[in-house]
file upload18.txt (compact mmCIF, C-alpha atoms and all ligand atoms)
# COMPACT_ATOMS: atom_id res chain seq x y z
CA MET A 1 10.72 111.83 86.77
CA THR A 2 11.21 111.35 90.51
CA PRO A 3 8.82 108.73 91.86
CA THR A 4 6.94 109.19 95.13
CA ILE A 5 6.34 106.30 97.48
CA THR A 6 4.19 106.13 100.60
CA ALA A 7 5.36 104.94 104.00
CA PHE A 8 4.00 104.86 107.55
CA GLU A 9 4.04 108.17 109.38
CA GLN A 10 4.47 106.09 112.55
CA SER A 11 5.72 102.62 111.79
CA PRO A 12 4.64 99.96 114.29
CA ASP A 13 8.05 98.32 113.86
CA ARG A 14 9.74 101.37 115.43
CA GLY A 15 12.25 101.75 112.62
CA GLN A 16 13.36 98.14 112.21
CA GLY A 17 12.77 98.25 108.47
CA LEU A 18 10.02 95.63 108.46
CA ALA A 19 7.31 97.76 106.85
CA ARG A 20 7.10 96.97 103.17
CA ASP A 21 8.18 100.40 101.99
CA MET A 22 11.65 99.12 102.95
CA ARG A 23 11.61 96.79 99.91
CA VAL A 24 10.83 99.66 97.61
CA ARG A 25 13.36 102.01 99.19
CA TRP A 26 16.05 99.32 98.95
CA ALA A 27 15.26 98.58 95.29
CA LEU A 28 15.40 102.30 94.43
CA GLU A 29 18.72 102.64 96.24
CA GLU A 30 20.15 99.58 94.44
CA VAL A 31 19.42 101.12 91.04
CA GLY A 32 20.41 104.66 92.06
CA GLN A 33 16.98 106.22 91.50
CA PRO A 34 16.21 109.18 93.82
CA TYR A 35 12.69 109.22 95.22
CA ASP A 36 10.31 111.22 97.38
CA VAL A 37 8.37 109.83 100.31
CA ARG A 38 4.88 110.83 101.39
CA LEU A 39 4.17 109.75 104.95
CA VAL A 40 0.63 108.63 105.73
CA SER A 41 -1.15 108.02 109.01
CA PHE A 42 -3.31 104.94 109.65
CA THR A 43 -6.38 107.16 109.31
CA GLU A 44 -5.22 108.65 105.99
CA MET A 45 -4.50 105.18 104.58
CA LYS A 46 -8.17 104.30 104.86
CA GLN A 47 -9.47 107.52 103.27
CA PRO A 48 -10.73 107.61 99.66
CA ALA A 49 -7.74 109.64 98.42
CA HIS A 50 -5.29 106.91 99.48
CA ARG A 51 -7.62 104.07 98.52
CA ALA A 52 -7.66 105.49 94.99
CA LEU A 53 -3.97 104.56 94.93
CA HIS A 54 -4.21 101.43 97.06
CA PRO A 55 -7.56 99.61 97.07
CA PHE A 56 -6.70 97.83 100.33
CA GLY A 57 -5.74 101.02 102.16
CA GLN A 58 -2.13 100.03 102.81
CA ILE A 59 1.44 101.14 102.15
CA PRO A 60 3.55 101.13 100.06
CA THR A 61 2.33 102.84 96.91
CA TYR A 62 4.41 104.17 94.04
CA GLU A 63 3.55 107.13 91.82
CA GLU A 64 5.53 108.21 88.80
CA GLY A 65 3.77 110.66 86.48
CA ASP A 66 0.42 109.10 85.68
CA LEU A 67 1.55 105.64 86.78
CA ALA A 68 0.26 104.53 90.19
CA LEU A 69 1.20 101.14 91.62
CA PHE A 70 0.56 99.21 94.81
CA GLU A 71 1.88 95.81 96.06
CA SER A 72 5.54 95.88 97.03
CA GLY A 73 6.37 92.96 94.71
CA ALA A 74 4.85 94.69 91.69
CA ILE A 75 6.62 97.93 92.57
CA VAL A 76 10.01 96.23 92.96
CA PHE A 77 9.42 94.41 89.67
CA HIS A 78 8.61 97.71 87.92
CA ILE A 79 11.78 99.30 89.29
CA ALA A 80 13.82 96.27 88.22
CA GLU A 81 12.30 96.39 84.73
CA CYS A 82 13.05 100.11 84.30
CA HIS A 83 16.61 100.15 85.60
CA ALA A 84 19.67 97.95 85.35
CA GLY A 85 20.92 96.15 88.43
CA LEU A 86 18.13 94.02 89.85
CA LEU A 87 17.36 91.56 87.04
CA PRO A 88 19.80 89.85 84.66
CA ASP A 89 19.67 90.78 80.95
CA ASP A 90 19.75 87.17 79.81
CA ALA A 91 16.13 86.00 79.35
CA LYS A 92 16.59 82.64 81.07
CA ALA A 93 18.46 84.09 84.04
CA ARG A 94 15.87 86.88 84.27
CA ALA A 95 13.03 84.36 84.43
CA GLY A 96 14.91 82.56 87.18
CA ALA A 97 15.27 85.75 89.24
CA ILE A 98 11.57 86.56 88.75
CA THR A 99 10.73 83.07 89.94
CA TRP A 100 12.55 83.82 93.20
CA MET A 101 10.56 87.05 93.57
CA PHE A 102 7.35 85.03 93.46
CA ALA A 103 8.79 82.35 95.73
CA ALA A 104 9.65 84.97 98.34
CA LEU A 105 6.16 86.48 98.34
CA ASN A 106 3.98 83.45 97.59
CA THR A 107 5.77 80.57 99.28
CA VAL A 108 8.06 81.85 102.03
CA GLU A 109 6.27 84.99 103.25
CA PRO A 110 2.80 83.49 103.97
CA PRO A 111 3.82 81.11 106.80
CA ILE A 112 6.07 83.80 108.27
CA VAL A 113 3.25 86.38 108.26
CA ASP A 114 0.77 83.81 109.66
CA ARG A 115 3.14 83.26 112.57
CA GLU A 116 3.69 86.97 113.06
CA MET A 117 -0.05 87.68 113.06
CA ALA A 118 -0.61 84.94 115.64
CA THR A 119 2.01 86.46 117.96
CA ILE A 120 0.28 89.84 117.70
CA LEU A 121 -3.40 88.91 117.65
CA GLU A 122 -3.69 85.52 119.32
CA HIS A 123 -1.09 85.50 122.11
CA ASP A 124 -3.76 85.72 124.82
CA LYS A 125 -5.76 82.72 123.59
CA PRO A 126 -5.71 79.49 125.60
CA TRP A 127 -4.62 77.51 122.52
CA TYR A 128 -1.85 79.94 121.56
CA ALA A 129 1.15 77.78 122.60
CA GLU A 130 -0.15 74.80 120.64
CA ARG A 131 -0.86 76.93 117.57
CA LEU A 132 2.54 78.61 117.75
CA THR A 133 4.23 75.20 117.69
CA ILE A 134 2.37 74.35 114.49
CA LEU A 135 3.16 77.71 112.89
CA ASP A 136 6.84 77.44 113.89
CA GLU A 137 7.03 74.03 112.22
CA ARG A 138 5.57 75.43 108.99
CA VAL A 139 8.13 78.23 108.99
CA ARG A 140 10.99 75.80 109.78
CA ALA A 141 9.93 73.57 106.89
CA ARG A 142 10.28 76.47 104.44
CA LEU A 143 13.54 77.67 106.01
CA GLY A 144 15.01 74.17 105.75
CA GLU A 145 14.11 73.96 102.08
CA LEU A 146 15.43 77.42 101.33
CA SER A 147 18.61 76.75 103.29
CA SER A 148 19.23 73.55 101.30
CA ARG A 149 18.79 75.37 98.02
CA LEU A 150 20.99 78.32 98.96
CA GLY A 151 23.73 76.01 100.24
CA ARG A 152 27.06 77.81 100.23
CA ALA A 153 26.11 80.31 97.53
CA ASN A 154 26.02 84.04 98.20
CA TRP A 155 22.74 84.59 96.35
CA LEU A 156 19.81 82.43 95.29
CA ASP A 157 20.56 82.23 91.58
CA GLY A 158 23.79 83.78 90.36
CA ALA A 159 24.19 87.51 90.97
CA PHE A 160 22.21 89.47 93.57
CA SER A 161 18.73 90.15 92.16
CA ALA A 162 15.27 91.44 93.02
CA GLY A 163 14.57 87.84 94.09
CA ASP A 164 17.21 88.10 96.83
CA LEU A 165 15.99 91.57 97.79
CA LEU A 166 12.45 90.34 98.39
CA MET A 167 13.55 87.09 100.03
CA VAL A 168 15.76 88.92 102.52
CA THR A 169 13.00 91.38 103.47
CA VAL A 170 10.77 88.37 104.10
CA LEU A 171 13.37 86.53 106.23
CA ARG A 172 14.03 89.68 108.26
CA ARG A 173 10.48 89.45 109.58
CA LEU A 174 11.72 86.51 111.69
CA GLY A 175 14.12 88.73 113.66
CA GLY A 176 13.74 88.08 117.36
CA SER A 177 11.94 84.75 116.85
CA GLY A 178 15.15 82.71 116.97
CA LEU A 179 13.88 80.64 114.05
CA LEU A 180 16.68 81.68 111.71
CA ASP A 181 19.32 80.51 114.23
CA GLY A 182 19.00 76.91 113.05
CA TYR A 183 20.07 77.92 109.52
CA PRO A 184 23.48 79.62 109.62
CA ASN A 185 23.64 80.04 105.85
CA LEU A 186 20.34 81.95 105.88
CA GLY A 187 21.54 84.14 108.73
CA ALA A 188 24.71 84.90 106.76
CA TYR A 189 22.61 85.58 103.64
CA VAL A 190 20.57 88.18 105.52
CA ALA A 191 23.71 89.74 107.05
CA ARG A 192 25.41 89.86 103.62
CA SER A 193 22.39 91.70 102.24
CA GLU A 194 22.19 94.11 105.15
CA ALA A 195 25.85 95.00 104.49
CA ARG A 196 25.04 96.28 101.01
CA PRO A 197 25.42 100.08 100.81
CA ALA A 198 22.00 100.40 99.16
CA TYR A 199 20.37 98.45 101.98
CA LYS A 200 22.07 100.62 104.59
CA ARG A 201 20.91 103.85 102.94
CA ALA A 202 17.33 102.58 102.69
CA PHE A 203 17.38 101.39 106.30
CA GLN A 204 18.73 104.69 107.61
CA ASP A 205 16.17 106.68 105.64
CA GLN A 206 13.21 104.73 106.99
CA LEU A 207 14.71 104.82 110.51
CA ALA A 208 14.99 108.60 110.25
CA VAL A 209 11.20 108.78 109.91
CA PHE A 210 10.88 107.05 113.27
CA THR A 211 13.59 108.96 115.11
CA GLY A 212 12.72 112.29 113.51
CA GLN A 213 16.45 112.82 112.90
CA PRO A 214 17.90 113.12 109.38
CA PRO A 215 20.09 110.12 108.49
CA ALA A 216 23.78 110.56 109.26
CA GLY A 217 26.01 111.13 106.21
N1 LIG A 301 0.92 92.49 99.87
C1 LIG A 301 1.11 93.88 100.22
C2 LIG A 301 1.00 94.01 101.73
C3 LIG A 301 0.97 95.46 102.15
C4 LIG A 301 0.88 95.58 103.66
O1 LIG A 301 0.54 94.63 104.37
N2 LIG A 301 1.20 96.78 104.13
C5 LIG A 301 1.17 97.01 105.55
C6 LIG A 301 2.49 97.65 105.98
S1 LIG A 301 3.86 96.57 105.74
C7 LIG A 301 0.06 97.99 105.89
O2 LIG A 301 -0.14 98.95 105.20
N3 LIG A 301 -0.63 97.72 107.00
C8 LIG A 301 -1.66 98.59 107.49
C9 LIG A 301 -3.03 98.05 107.20
O3 LIG A 301 -3.16 97.00 106.55
O4 LIG A 301 -3.97 98.70 107.65
C10 LIG A 301 2.47 94.38 99.72
O5 LIG A 301 3.39 93.56 99.61
O6 LIG A 301 2.61 95.57 99.42
call {"tool": "encode", "arguments": {"input": "upload18.txt", "output": "structure tokens"}}
result
Amino acid sequence: MTPTITAFEQSPDRGQGLARDMRVRWALEEVGQPYDVRLVSFTEMKQPAHRALHPFGQIPTYEEGDLALFESGAIVFHIAECHAGLLPDDAKARAGAITWMFAALNTVEPPIVDREMATILEHDKPWYAERLTILDERVRARLGELSSRLGRANWLDGAFSAGDLLMVTVLRRLGGSGLLDGYPNLGAYVARSEARPAYKRAFQDQLAVFTGQPPAG
């Protein structure tokens, strides 16, 4: 059965692939599962019909028959559980990859989102510069730790996994901040991921929503 996901009708990121439907699109492309997309406006997201799918009135959601999911991490995990390609078969290696999924969303994403929210909502406050310095330091601390662990490896723990997929979508939120520049191995990790054919297809598809043009090829 073809799943249906939701995505922004008008993404505030203007097609940069930062909205969290990108994670789901990328995971579906990695495993070769076709999918449909239902675009929702900000108004629709807060209506009862969408809240029945997503209690917090957000995107992405995932519907497949009578299964309805929200939370991008849970959706990517479901896709990885149902298809080969995003989690190793070996139980120990699989647990390791799942650990990186949680690390991406629970440990690395929060300071990055805190910083992002401050740049959007607090930039006109008199204490903004001071706060940004503190938030930058928190992000740098996590990047330093992640950079040390990744070292010269291509992926976080063996083969590319759902853990890498989520981690890269989290790191991409720093684009334009300059914060990744101090960690060349993390920059290369993101670039290596963006070069994956599945990533490119997902990116082009979500960009096509913004441009209104069907993806080339
Ligand atoms: N933890 C959720 C976060 C979902 C989320 O923040 N979605 C954003 C788009 S990336 C959204 O719908 N924002 C609009 C809103 O909250 O009103 C997930 O990973 O799915």
call {"tool": "residues_near_point", "arguments": {"input": "upload18.txt", "point": "(25.1, 92.1, 101.7)", "cutoff": "12 Å", "atoms": "only C-alpha atoms", "output": "MDAnalysis selection string"}}
result
chainID A and resid 26 30 154:155 159:161 164:165 168 186:200
call {"tool": "closest_residue", "arguments": {"input": "upload18.txt", "among": "A:Arg25, A:His83, A:Arg38, A:Arg201", "to": "A:Thr6", "atoms": "only C-alpha atoms"}}
result
A:Arg38
call {"tool": "closest_atom_pairs", "arguments": {"input": "upload18.txt", "of": "chain A", "to": "ligand LIG 301 (chain A)", "cutoff": "6 Å", "atoms": "only C-alpha atoms and all ligand atoms", "output": "JSON lines"}}
result
{"residue": "A:Ala19", "atom": "CA", "partner": "A:LIG301", "partner_atom": "S1", "distance": 3.8}
{"residue": "A:Arg20", "atom": "CA", "partner": "A:LIG301", "partner_atom": "S1", "distance": 4.2}
{"residue": "A:Gln58", "atom": "CA", "partner": "A:LIG301", "partner_atom": "O2", "distance": 3.3}
{"residue": "A:Ile59", "atom": "CA", "partner": "A:LIG301", "partner_atom": "O2", "distance": 4.1}
{"residue": "A:Pro60", "atom": "CA", "partner": "A:LIG301", "partner_atom": "O6", "distance": 5.7}
{"residue": "A:Glu71", "atom": "CA", "partner": "A:LIG301", "partner_atom": "O6", "distance": 3.4}
{"residue": "A:Ser72", "atom": "CA", "partner": "A:LIG301", "partner_atom": "O6", "distance": 3.8}
{"residue": "A:Gly73", "atom": "CA", "partner": "A:LIG301", "partner_atom": "O5", "distance": 5.8}
call {"tool": "closest_residue", "arguments": {"input": "upload18.txt", "among": "A:Ala91, A:Met22, A:Leu28, A:Pro3", "to": "A:Glu63", "atoms": "all atoms listed in the file"}}
result
A:Pro3
call {"tool": "atom_distance", "arguments": {"input": "upload18.txt", "atom1": "atom CA of A:Ala216", "atom2": "atom CA of A:Leu171"}}
result
26.4 Å
call {"tool": "closest_residue", "arguments": {"input": "upload18.txt", "among": "A:Val108, A:Glu9, A:Leu156, A:Met1", "to": "A:Gly212", "atoms": "all atoms listed in the file"}}
result
A:Glu9
call {"tool": "residues_around", "arguments": {"input": "upload18.txt", "residues": "A:Ala104", "least_positions_apart": "5", "cutoff": "8 Å", "atoms": "all atoms listed in the file", "output": "number ranges by chain"}}
result
A: 109, 163, 166-167, 170
call {"tool": "closest_residue", "arguments": {"input": "upload18.txt", "among": "A:Ala141, A:Leu121, A:Ala162, A:Val40", "to": "A:Ala95", "atoms": "only C-alpha atoms"}}
result
A:Ala162
call {"tool": "residues_around", "arguments": {"input": "upload18.txt", "residues": "A:Phe8", "least_positions_apart": "3", "cutoff": "7 Å", "atoms": "all atoms listed in the file", "output": "PDB file with C-alpha atoms, in the coordinates of the input"}}
result
ATOM      1  CA  SER A  11       5.720 102.620 111.790  1.00  0.00           C
ATOM      2  CA  LEU A  39       4.170 109.750 104.950  1.00  0.00           C
ATOM      3  CA  VAL A  40       0.630 108.630 105.730  1.00  0.00           C
ATOM      4  CA  SER A  41      -1.150 108.020 109.010  1.00  0.00           C
TER       5      SER A  41
END
call {"tool": "closest_residue", "arguments": {"input": "upload18.txt", "among": "A:Ile112, A:Ala97, A:Thr2, A:Gln16", "to": "A:Phe210", "atoms": "all atoms listed in the file"}}
result
A:Gln16
call {"tool": "atom_distance", "arguments": {"input": "upload18.txt", "atom1": "atom CA of A:Glu116", "atom2": "atom CA of A:Arg14"}}
result
15.8 Å
call {"tool": "residues_near_point", "arguments": {"input": "upload18.txt", "point": "(8.2, 74.6, 114.1)", "cutoff": "12 Å", "atoms": "all atoms listed in the file", "output": "VMD selection string"}}
result
chain A and resid 111 to 112 115 129 to 144 177 to 180 182
call {"tool": "atom_distance", "arguments": {"input": "upload18.txt", "atom1": "atom CA of A:Asp89", "atom2": "atom CA of A:Arg149"}}
result
23.0 Å
call {"tool": "residues_around", "arguments": {"input": "upload18.txt", "residues": "A:Ala74", "least_positions_apart": "4", "cutoff": "12 Å", "atoms": "all atoms listed in the file", "output": "list in words"}}
result
Arg20, Arg23, Val24, Ala27, Pro60, Thr61, Tyr62, Ala68, Leu69, Phe70, His78, Ile79, Ala80, Glu81, Ile98, Met101, Phe102, Leu105, Ala162 and Leu166 of chain A
